[in-house]
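Undergrad: Quick one: the structure is below, questions incoming.
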Amino acid sequence: MTRSKNFQASCLTLLFFVVLLRTAWLSDDSLISLRTVLNFSHGFGLTFNIDERVQTFTHPLWLLLLTIAYWIVGHIYYATFALAIATSLTVFWLLVRGAASTAQVWLAAGLLLFSRAFVDYSTSGLENPLSNLLVLATFVAYTRAPHDPTSLQQRRWLTRLTLLASLLYLTRPDDVLLIAPLLVSAALQVRRGDALGAAGGRAWAIARSAAIGAIPAALWTVFSVVYYGFPFPNTAYAKLATGIDFGERGRQGLLYLIDSLDRDPITLTTIGLACVLALAVRTRAAIAVSIGLILHLTYIVSIGGDFMSGRFLAVPFVAAVIVLVRLMPLEPRGWLPAYVVLGAAALASPAWPLTSDSRVGGIDSKRGGIVDERAVYFPTRSLLRAERQTFRAPEWPSDDGVAHRIDVLDTCGLMGWAGIEWGPYTHLLDECALADPLLARLPAVWNESWRIGHFRRMIPNGYRESLQQNANLLADPGLHVLYDEIRAVTRGPIWSADRFRRISRLNRGAYSHLVNRPFYRFGGELVTLDAVSHPKTDGTPRDASGNQPIRTELAVTCDVRPGRRYLEISVDSDETYRLSFVKDNAVVSSAQISPIPEHRRVPGLVSHIVDVPWRARQGGFDTIVIMPAGGDGQFAIGHLLLDGYAPTDAELQRRVGGRRN
């Protein structure tokens, strides 16, 4: 039986190797890490932009392996392909070879070969292969609990599990949610062990084992604070400060799951089936993994998913395959319903990795901004279709200790390719804040059609000049103080008592109050109700003095007062506008103002009476965002009179009464 399984697993792994070669590609996000590898390998430190210490990667362990692979291979792109393919082949072999039965060997192979999420991100340069391997290793270690539960054996077992969790944290922190229930289950088993003595002794043994296993994660965190000034990657701070409402993110997260069912139905179906069957067999390991899957899916929804279709589902999919092929003690007949469900999901897929070839490609974006990332980059950044010069080794200079001119280049997206193409002496000003320590502390600019992972920030006045001249030229007094602190931490000498005091203050949020969040949330296009409450007569020219021009949108702030019934707004007679009523960064309701019909239209501004939508009337709102929705590109507002605003209430009542009588 063992020899037969080895032979089957070897043949299937060979097939998977062929599939990987046919589908291998590199994502732009992976090249953000590769730029850091190049900088580190050539003496510039663990940096993305060499003039400041900022952690732009979430996977220090994967970055270390990439660096070692680069030193061995000598070519950054081929080293990345080799590491990803070798790791993914190992995962595939272990999953197939470790299946509980011959039928499950073929089930494992079929699921892995038909899942687009698993195959697509088995290369790509991202950390998924290592996450997959560590999740599998954690499960294997968990199932090897000591049969003779002596104190020493149990402590070592728990330490191994915690160590693997620590390594997974250093690969992708949020993947720890998948294995957290396994750790809790192991700790409870140790706590119930008789060999450890009294409850206090058992608790101490658990804490000590966990602390030993967590040493790698703890050491990296200490290094991160010392070197970068912050315990977590800059990307985490950028994503926490977006200002996007939790409910909006949740709705986007659900769209992410629905997108997966559309493009790759086998992946989410496998995850769901694993959860159902795990609860049915009710073994400790199966239940723990299913709880981890549910936690991870909940987390994915809560953060809004990702813009790369299937990326965040690839690792949970591997955990689900583990449940189905290693934990299900079903007779062959019992697998028939599962085969039917999984077979139907596989057949429903619009594209199979097995049939992927050079015809794959083309930008395919949905309204939520979710894309088939491999299809986007496959025509130009894949092994199968790349030109001879595509993966040429970058000409990366070594640090010679001489101060070079640093040019500033704006970007938001495509940071990886741009970063490598332009070389180390270009500072990429990342408007999405993933690589910028100051912008990561600002809220994302208002955009109802926001795209997950691409939250653009307003560039403060004087910031580009500050980066170009390595100085603090910010005009905003509050940001000027904040940037002084950030500069000292990310650009100053590492070993300085003053720097560590600044690190402490920054991590305690001592300067958060200096950021004018509403101003930067609306890109500087923010006025009070009083500023636009001076009535203009109909026919006033759009460009007349006192009118408020609108470039992208205009946010008008007001006090929250439920029960407001209507407003009057004066805008161009031939333009379309959308009004969004916002409360606590969430859109409560919206309304639209259409142009006056051409046969009744007069040049200039015209006043419109607008009923406040029901939800905005009931709960109130703190901001009205006025957005052009169609016209000649030149937009302005004359006035906005709002029900319940004392200085203009009488005038508004008179106008409303006159219009409606």
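Chain labels follow the order of the structure tokens: the first chain is A, the next B, and so on; residue numbering restarts at 1 in every chain, and ligands are counted from 1 in their shown order.
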Among the residues of segment 398-505 of chain A, find those DSSP assigns to strand (DSSP E or B) from the backbone and print them as an MDAnalysis selection string.
TA: chainID A and resid 407:411 426:430 451 454
Undergrad: Name all residues at most 8 Å from Val515 of chain A (count only C-alpha atoms; drop same-chain ones fewer than 6 positions away) and give them as a PyMOL selection string.
TA: chain A and resi 442+478-479
Undergrad: Check which residues of segment 170-262 of chain A sit at most 7 Å from segment 297-315 of chain A using only C-alpha atoms, and return one row each with the closest pair of atoms and their distance in Å to one decimal, ordered by chain and rising number, as JSON lines.
TA:
```
{"residue": "A:Arg249", "atom": "CA", "partner": "A:Gly304", "partner_atom": "CA", "distance": 4.3}
{"residue": "A:Gly250", "atom": "CA", "partner": "A:Ser302", "partner_atom": "CA", "distance": 4.8}
{"residue": "A:Gln252", "atom": "CA", "partner": "A:Gly304", "partner_atom": "CA", "distance": 4.8}
{"residue": "A:Gly253", "atom": "CA", "partner": "A:Gly304", "partner_atom": "CA", "distance": 3.8}
{"residue": "A:Leu254", "atom": "CA", "partner": "A:Val301", "partner_atom": "CA", "distance": 5.7}
{"residue": "A:Tyr256", "atom": "CA", "partner": "A:Gly305", "partner_atom": "CA", "distance": 5.6}
{"residue": "A:Ser260", "atom": "CA", "partner": "A:Gly310", "partner_atom": "CA", "distance": 5.9}
```
Undergrad: Please produce a file of the residues just selected, as a PDB file, in the first residue's frame, where the atoms kept are N, CA, C and O atoms.
TA:
```pdb
ATOM      1  N   ARG A 249     -16.733  47.638   4.311  1.00  0.00           N
ATOM      2  CA  ARG A 249     -15.707  46.609   4.127  1.00  0.00           C
ATOM      3  C   ARG A 249     -16.330  45.218   4.157  1.00  0.00           C
ATOM      4  O   ARG A 249     -15.941  44.333   3.382  1.00  0.00           O
ATOM      5  N   GLY A 250     -17.276  45.008   5.053  1.00  0.00           N
ATOM      6  CA  GLY A 250     -17.925  43.711   5.133  1.00  0.00           C
ATOM      7  C   GLY A 250     -18.673  43.356   3.865  1.00  0.00           C
ATOM      8  O   GLY A 250     -18.621  42.209   3.395  1.00  0.00           O
ATOM      9  N   GLN A 252     -17.970  44.435   0.892  1.00  0.00           N
ATOM     10  CA  GLN A 252     -16.951  44.126  -0.118  1.00  0.00           C
ATOM     11  C   GLN A 252     -16.382  42.730   0.114  1.00  0.00           C
ATOM     12  O   GLN A 252     -16.082  42.000  -0.840  1.00  0.00           O
ATOM     13  N   GLY A 253     -16.218  42.355   1.388  1.00  0.00           N
ATOM     14  CA  GLY A 253     -15.720  41.021   1.702  1.00  0.00           C
ATOM     15  C   GLY A 253     -16.650  39.930   1.216  1.00  0.00           C
ATOM     16  O   GLY A 253     -16.200  38.884   0.720  1.00  0.00           O
ATOM     17  N   LEU A 254     -17.948  40.142   1.343  1.00  0.00           N
ATOM     18  CA  LEU A 254     -18.912  39.168   0.827  1.00  0.00           C
ATOM     19  C   LEU A 254     -18.822  39.080  -0.694  1.00  0.00           C
ATOM     20  O   LEU A 254     -18.929  37.991  -1.274  1.00  0.00           O
ATOM     21  N   TYR A 256     -16.191  39.454  -2.333  1.00  0.00           N
ATOM     22  CA  TYR A 256     -14.966  38.695  -2.593  1.00  0.00           C
ATOM     23  C   TYR A 256     -15.251  37.194  -2.603  1.00  0.00           C
ATOM     24  O   TYR A 256     -14.749  36.453  -3.467  1.00  0.00           O
ATOM     25  N   SER A 260     -15.233  34.507  -5.847  1.00  0.00           N
ATOM     26  CA  SER A 260     -14.564  33.211  -5.869  1.00  0.00           C
ATOM     27  C   SER A 260     -15.499  32.117  -6.366  1.00  0.00           C
ATOM     28  O   SER A 260     -15.093  31.247  -7.150  1.00  0.00           O
TER      29      SER A 260
END
```
Undergrad: Given only C-alpha atoms as the basis, pick out the residue of A:Ala344, A:Ile206, A:Leu83, A:Val321 nearest to Ala99 of chain A.
TA: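 That would be A:Val321, the residue with the smallest distance to Ala99 of chain A.
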Undergrad: For segment 431-461 of chain A against segment 573-597 of chain A, with a cut-off of 12 Å and counting only C-alpha atoms, what is the closest atom pair and its distance in Å to one decimal for every residue that makes the cut, ordered by chain and number, as a Markdown table?
TA:
```
| residue | atom | partner | partner_atom | distance |
| --- | --- | --- | --- | --- |
| A:Pro443 | CA | A:Asn585 | CA | 10.6 |
| A:Ala444 | CA | A:Asn585 | CA | 10.9 |
| A:Val445 | CA | A:Asn585 | CA | 11.2 |
| A:Trp446 | CA | A:Asn585 | CA | 8.9 |
| A:Asn447 | CA | A:Val587 | CA | 10.8 |
| A:Glu448 | CA | A:Val587 | CA | 8.4 |
| A:Ser449 | CA | A:Val587 | CA | 11.7 |
```
Undergrad: With distances taken over only C-alpha atoms, which residue among A:Tyr645, A:Trp62, A:Trp93, A:Tyr77 lies nearest Leu567 of chain A?
TA: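 Using only C-alpha atoms, the shortest distance to Leu567 of chain A belongs to A:Tyr645.
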Undergrad: Which of these, A:Tyr425, A:Phe378, A:Phe139, A:Tyr228, has the shortest distance to Ser398 of chain A once you count only C-alpha atoms?
TA: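 So, comparing all the options, the nearest one is A:Tyr425.
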Undergrad: Interatomic distance between atom CA of Ile72 of chain A and atom CA of Ala393 of chain A?
TA: 14.2 Å
Undergrad: Would you mind listing what lies within 7 Å of Arg374 of chain A as a list of chain:residue names, with only C-alpha atoms counted and same-chain residues fewer than 2 positions away left out?
TA: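 Result of the neighbour search: A:Trp25, A:Asp120, A:Asp372, A:Val376, A:Tyr377, A:Phe378.
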Undergrad: Taking only C-alpha atoms into account, which of A:Leu164, A:Leu642, A:Ile258, A:Cys412 comes nearest Phe455 of chain A?
TA: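 The answer is A:Cys412, which sits nearest to Phe455 of chain A.
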Undergrad: Of the candidates A:Asp476, A:Asp611, A:Glu127, A:Asp430, which shows the shortest atom-to-atom distance to Pro173 of chain A, using only C-alpha atoms?
TA: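 Nearest candidate to Pro173 of chain A out of A:Asp476, A:Asp611, A:Glu127, A:Asp430: A:Glu127.
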Undergrad: Mind running segment 227-267 of chain A against segment 497-507 of chain A at 12 Å and telling me each contacting residue's nearest atom pair with the distance in Å (one decimal), counting only C-alpha atoms, chain and number ascending, as a Markdown table?
TA:
```
| residue | atom | partner | partner_atom | distance |
| --- | --- | --- | --- | --- |
| A:Tyr227 | CA | A:Phe500 | CA | 10.4 |
| A:Tyr228 | CA | A:Ile503 | CA | 9.2 |
| A:Gly229 | CA | A:Ile503 | CA | 5.5 |
| A:Phe230 | CA | A:Asn507 | CA | 6.8 |
| A:Pro231 | CA | A:Asn507 | CA | 8.5 |
| A:Phe232 | CA | A:Asn507 | CA | 10.3 |
| A:Tyr237 | CA | A:Asn507 | CA | 10.9 |
```
Undergrad: Now that the selection is made, can you save its residues with N, CA and C atoms as a compact mmCIF listing (two decimals), in the first residue's frame?
TA:
```txt
# COMPACT_ATOMS: atom_id res chain seq x y z
N TYR A 227 14.76 48.67 14.39
CA TYR A 227 15.21 49.07 13.05
C TYR A 227 14.23 50.01 12.36
N TYR A 228 12.95 49.63 12.36
CA TYR A 228 11.95 50.43 11.65
C TYR A 228 11.27 51.46 12.55
N GLY A 229 11.22 51.17 13.84
CA GLY A 229 10.55 52.07 14.77
C GLY A 229 9.14 51.64 15.13
N PHE A 230 8.64 50.58 14.50
CA PHE A 230 7.26 50.13 14.71
C PHE A 230 7.22 48.61 14.75
N PRO A 231 6.33 48.02 15.54
CA PRO A 231 6.30 46.56 15.67
C PRO A 231 5.67 45.84 14.49
N PHE A 232 4.87 46.54 13.70
CA PHE A 232 4.14 45.88 12.61
C PHE A 232 4.52 46.52 11.28
N TYR A 237 -0.48 49.60 9.17
CA TYR A 237 -0.91 50.94 9.59
C TYR A 237 -1.67 51.63 8.45
```
Undergrad: Check the smallest atom-to-atom distance from each of A:Gly43, A:Val91, A:Pro460, A:Trp495 to His480 of chain A using only C-alpha atoms, then report the winner.
TA: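 Counting only C-alpha atoms, the residue closest to His480 of chain A is A:Pro460.
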